[in-house]
Structures are given as C-alpha cells and as structure tokens.
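Undergrad: One structure is given below, represented as structure tokens, and several questions about it will come after.
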Amino acid sequence: MIDSTPPKYKPEPRVVFHRTELNSILGTYGHLMAAGAARDYAIAMLKDRAVFSIYRRASEQATWTVEKVPALARRQGAWAVRGSNGQILKRGHELELVLRAFDRHKLRVVG
C-alpha cells in the first residue's frame with residue numbers, strides 16, 4: 001500500500017526578535033518618526049540574523065538598520081546599528097546601549 005500522507009514540513013530555524021527587544025526598537029522608531037527622521041520600517045528574520053530596517057522614505061534604501069546576529073554575541077556583541085552605506089555606527093552586547101546611537105545629539109539626518 002502506498003502512503004499518501006504529505007511529508008512533514010520542517011521550517012528552517014531563524015533568528016527572531018523577542019517581544020521586549022522589538023518593543024525597545026519600536027520605541028526608538030517612534031521617536032524617530034516624531035522627529036521626522038523616519039517614515040517606514042521593515043523586519044527581516046533570516047537564518048543567521050534578524051534585521052529591523054528604518055526608512056526615511058518608503059521608496060529609498062534603509063537609512064538605518066538594527067541587526068541582531070547571535071553568532072557575534074561572544075565577540076563584538078550580537079547587536080549593531082548600521083548607517084545607510086553599511087558602516088557600523090554602534091555595536092555591543094546590550095540592545096539598550098546600542099540604541100543610544102539614535103540619541104538626539106548623536107543623530108544627524110543628511111539630505
């Protein structure tokens with residue numbers, strides 16, 4: 001007899017943001033929106049990293065990205081904030097400290 005049950009789908013493991021992490025990132029995004037520096041965001045949960053991209057305009061490339069890369073947790077830190085051309089603005093082990101890259105006195109929007 002032939003087994004007609006479909007094979008079980010096993011999703012690949014992905015890196016995700018936890019609720020508390022996402023709340024902190026969304027809080028920072030809210031401040032950027034209030035300041036007029038951000039209008040849109042996107043979230044990507046990949047095999048090796050989770051990325052929260054912040055856009056100044058929806059049709060442009062990301063102005064900033066907040067990345068969580070667990071493979072770097074013991075080295076430079078799992079968290080990083082990158083600028084629009086890929087440069088690392090801040091990296092560390094704790095999300096709250098890394099998000100300080102968005103403080104008003106450090107944040108400069110060009111263009």
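Simple scheme: letters A, B, ... for chains in structure tokens order, numbers from 1 for residues in each chain, numbers from 1 for ligands in the order shown.
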Mind dumping a table of every range 77-98 of chain A residue within 8 Å of range 63-72 of chain A, with the nearest atom pair and its distance in Å to one decimal, using only C-alpha atoms, sorted by chain and rising number, as JSON lines?

TA:
```
{"residue": "A:Gly77", "atom": "CA", "partner": "A:Leu72", "partner_atom": "CA", "distance": 5.4}
{"residue": "A:Ala78", "atom": "CA", "partner": "A:Val69", "partner_atom": "CA", "distance": 4.8}
{"residue": "A:Trp79", "atom": "CA", "partner": "A:Lys68", "partner_atom": "CA", "distance": 4.8}
{"residue": "A:Ala80", "atom": "CA", "partner": "A:Glu67", "partner_atom": "CA", "distance": 5.2}
{"residue": "A:Val81", "atom": "CA", "partner": "A:Val66", "partner_atom": "CA", "distance": 4.6}
{"residue": "A:Arg82", "atom": "CA", "partner": "A:Thr65", "partner_atom": "CA", "distance": 5.2}
{"residue": "A:Gly83", "atom": "CA", "partner": "A:Trp64", "partner_atom": "CA", "distance": 4.7}
{"residue": "A:Ser84", "atom": "CA", "partner": "A:Thr63", "partner_atom": "CA", "distance": 4.5}
```

Undergrad: Dump N, CA, C and O atoms for the selected residues as a compact mmCIF listing (two decimals), in the first residue's frame?

TA:
```txt
# COMPACT_ATOMS: atom_id res chain seq x y z
N GLY A 77 29.58 41.50 20.17
CA GLY A 77 28.23 41.75 20.65
C GLY A 77 27.23 41.42 19.55
O GLY A 77 27.50 41.61 18.37
N ALA A 78 26.08 40.94 19.96
CA ALA A 78 25.08 40.49 19.00
C ALA A 78 24.34 41.64 18.33
O ALA A 78 23.72 41.45 17.30
N TRP A 79 24.41 42.84 18.87
CA TRP A 79 23.63 43.97 18.37
C TRP A 79 24.50 44.97 17.63
O TRP A 79 25.62 45.25 18.04
N ALA A 80 23.95 45.52 16.55
CA ALA A 80 24.66 46.56 15.79
C ALA A 80 23.65 47.49 15.14
O ALA A 80 22.57 47.08 14.75
N VAL A 81 24.03 48.76 15.05
CA VAL A 81 23.28 49.75 14.30
C VAL A 81 24.16 50.16 13.13
O VAL A 81 25.32 50.52 13.32
N ARG A 82 23.61 50.05 11.93
CA ARG A 82 24.35 50.41 10.72
C ARG A 82 23.72 51.61 10.05
O ARG A 82 22.50 51.78 10.08
N GLY A 83 24.55 52.40 9.39
CA GLY A 83 24.08 53.54 8.62
C GLY A 83 23.65 53.12 7.23
O GLY A 83 23.68 51.94 6.87
N SER A 84 23.29 54.10 6.41
CA SER A 84 22.74 53.80 5.09
C SER A 84 23.76 53.16 4.14
O SER A 84 23.38 52.40 3.26
```

Undergrad: Contacts of Ala73 in chain A at 10 Å or less, counting only C-alpha atoms, minus same-chain residues fewer than 6 places along, as a PDB file with all heavy atoms, in the first residue's frame?

TA:
```
ATOM      1  N   TRP A  79      24.414  42.844  18.868  1.00  0.00           N
ATOM      2  CA  TRP A  79      23.633  43.969  18.367  1.00  0.00           C
ATOM      3  C   TRP A  79      24.501  44.969  17.630  1.00  0.00           C
ATOM      4  O   TRP A  79      25.622  45.248  18.039  1.00  0.00           O
ATOM      5  CB  TRP A  79      22.938  44.673  19.529  1.00  0.00           C
ATOM      6  CG  TRP A  79      21.937  43.796  20.176  1.00  0.00           C
ATOM      7  CD1 TRP A  79      22.101  43.064  21.321  1.00  0.00           C
ATOM      8  CD2 TRP A  79      20.624  43.511  19.714  1.00  0.00           C
ATOM      9  NE1 TRP A  79      20.967  42.356  21.582  1.00  0.00           N
ATOM     10  CE2 TRP A  79      20.046  42.616  20.616  1.00  0.00           C
ATOM     11  CE3 TRP A  79      19.885  43.929  18.619  1.00  0.00           C
ATOM     12  CZ2 TRP A  79      18.753  42.127  20.462  1.00  0.00           C
ATOM     13  CZ3 TRP A  79      18.595  43.458  18.462  1.00  0.00           C
ATOM     14  CH2 TRP A  79      18.040  42.569  19.376  1.00  0.00           C
ATOM     15  N   GLY A  92      27.371  46.335  20.204  1.00  0.00           N
ATOM     16  CA  GLY A  92      27.508  45.988  21.609  1.00  0.00           C
ATOM     17  C   GLY A  92      26.740  44.744  21.993  1.00  0.00           C
ATOM     18  O   GLY A  92      26.093  44.097  21.174  1.00  0.00           O
ATOM     19  N   HIS A  93      26.822  44.441  23.286  1.00  0.00           N
ATOM     20  CA  HIS A  93      26.195  43.243  23.832  1.00  0.00           C
ATOM     21  C   HIS A  93      24.770  43.503  24.311  1.00  0.00           C
ATOM     22  O   HIS A  93      23.991  42.569  24.429  1.00  0.00           O
ATOM     23  CB  HIS A  93      27.025  42.689  24.993  1.00  0.00           C
ATOM     24  CG  HIS A  93      28.382  42.224  24.570  1.00  0.00           C
ATOM     25  ND1 HIS A  93      28.592  41.000  23.981  1.00  0.00           N
ATOM     26  CD2 HIS A  93      29.587  42.827  24.617  1.00  0.00           C
ATOM     27  CE1 HIS A  93      29.879  40.859  23.693  1.00  0.00           C
ATOM     28  NE2 HIS A  93      30.502  41.956  24.077  1.00  0.00           N
ATOM     29  N   GLU A  94      24.435  44.769  24.602  1.00  0.00           N
ATOM     30  CA  GLU A  94      23.109  45.097  25.121  1.00  0.00           C
ATOM     31  C   GLU A  94      22.379  46.016  24.156  1.00  0.00           C
ATOM     32  O   GLU A  94      22.918  47.021  23.696  1.00  0.00           O
ATOM     33  CB  GLU A  94      23.230  45.773  26.484  1.00  0.00           C
ATOM     34  CG  GLU A  94      23.821  44.872  27.542  1.00  0.00           C
ATOM     35  CD  GLU A  94      23.914  45.565  28.889  1.00  0.00           C
ATOM     36  OE1 GLU A  94      23.039  46.415  29.169  1.00  0.00           O
ATOM     37  OE2 GLU A  94      24.847  45.270  29.630  1.00  0.00           O
TER      38      GLU A  94
END
```

Undergrad: Can you pull out every residue within 12 Å of Ala42 in chain A, counting only C-alpha atoms, but drop anything in the same chain fewer than 4 positions away, and send it as a ChimeraX atom specification?

TA: /A:25-26,29,38,50-58,61-67

Undergrad: So what do you get for CA of Asp48 in chain A versus CA of Glu12 in chain A, distance-wise?

TA: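 CA of Asp48 in chain A sits 10.8 Å away from CA of Glu12 in chain A.
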
Undergrad: Between A:Ser4, A:Arg91, A:Ile43, A:Gly30, which is the closest to Val16 in chain A once you count only C-alpha atoms?

TA: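 The closest residue to Val16 in chain A is A:Ile43.
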
Undergrad: I need the residues of chain A that end up classed as strand (DSSP E) by DSSP on the backbone, written out as a PyMOL selection string.

TA: chain A and resi 40-45+50-55+64-68+79-82+88-92

Undergrad: My list of candidates is A:Asn85, A:Pro11, A:Leu95, A:Pro6. Which is closest to Lys47 in chain A when distances are computed with only C-alpha atoms?

TA: A:Pro11

Undergrad: Name the closest residue to Asn23 in chain A among the candidates A:Leu99, A:Leu89, A:Ala37, A:Met45; distances are taken between atoms, counting only C-alpha atoms.

TA: A:Leu99

Undergrad: For a test of reading the model, state the distance in Å between CA of Pro13 in chain A and CA of Val98 in chain A, rounded to one decimal.

TA: 25.3 Å
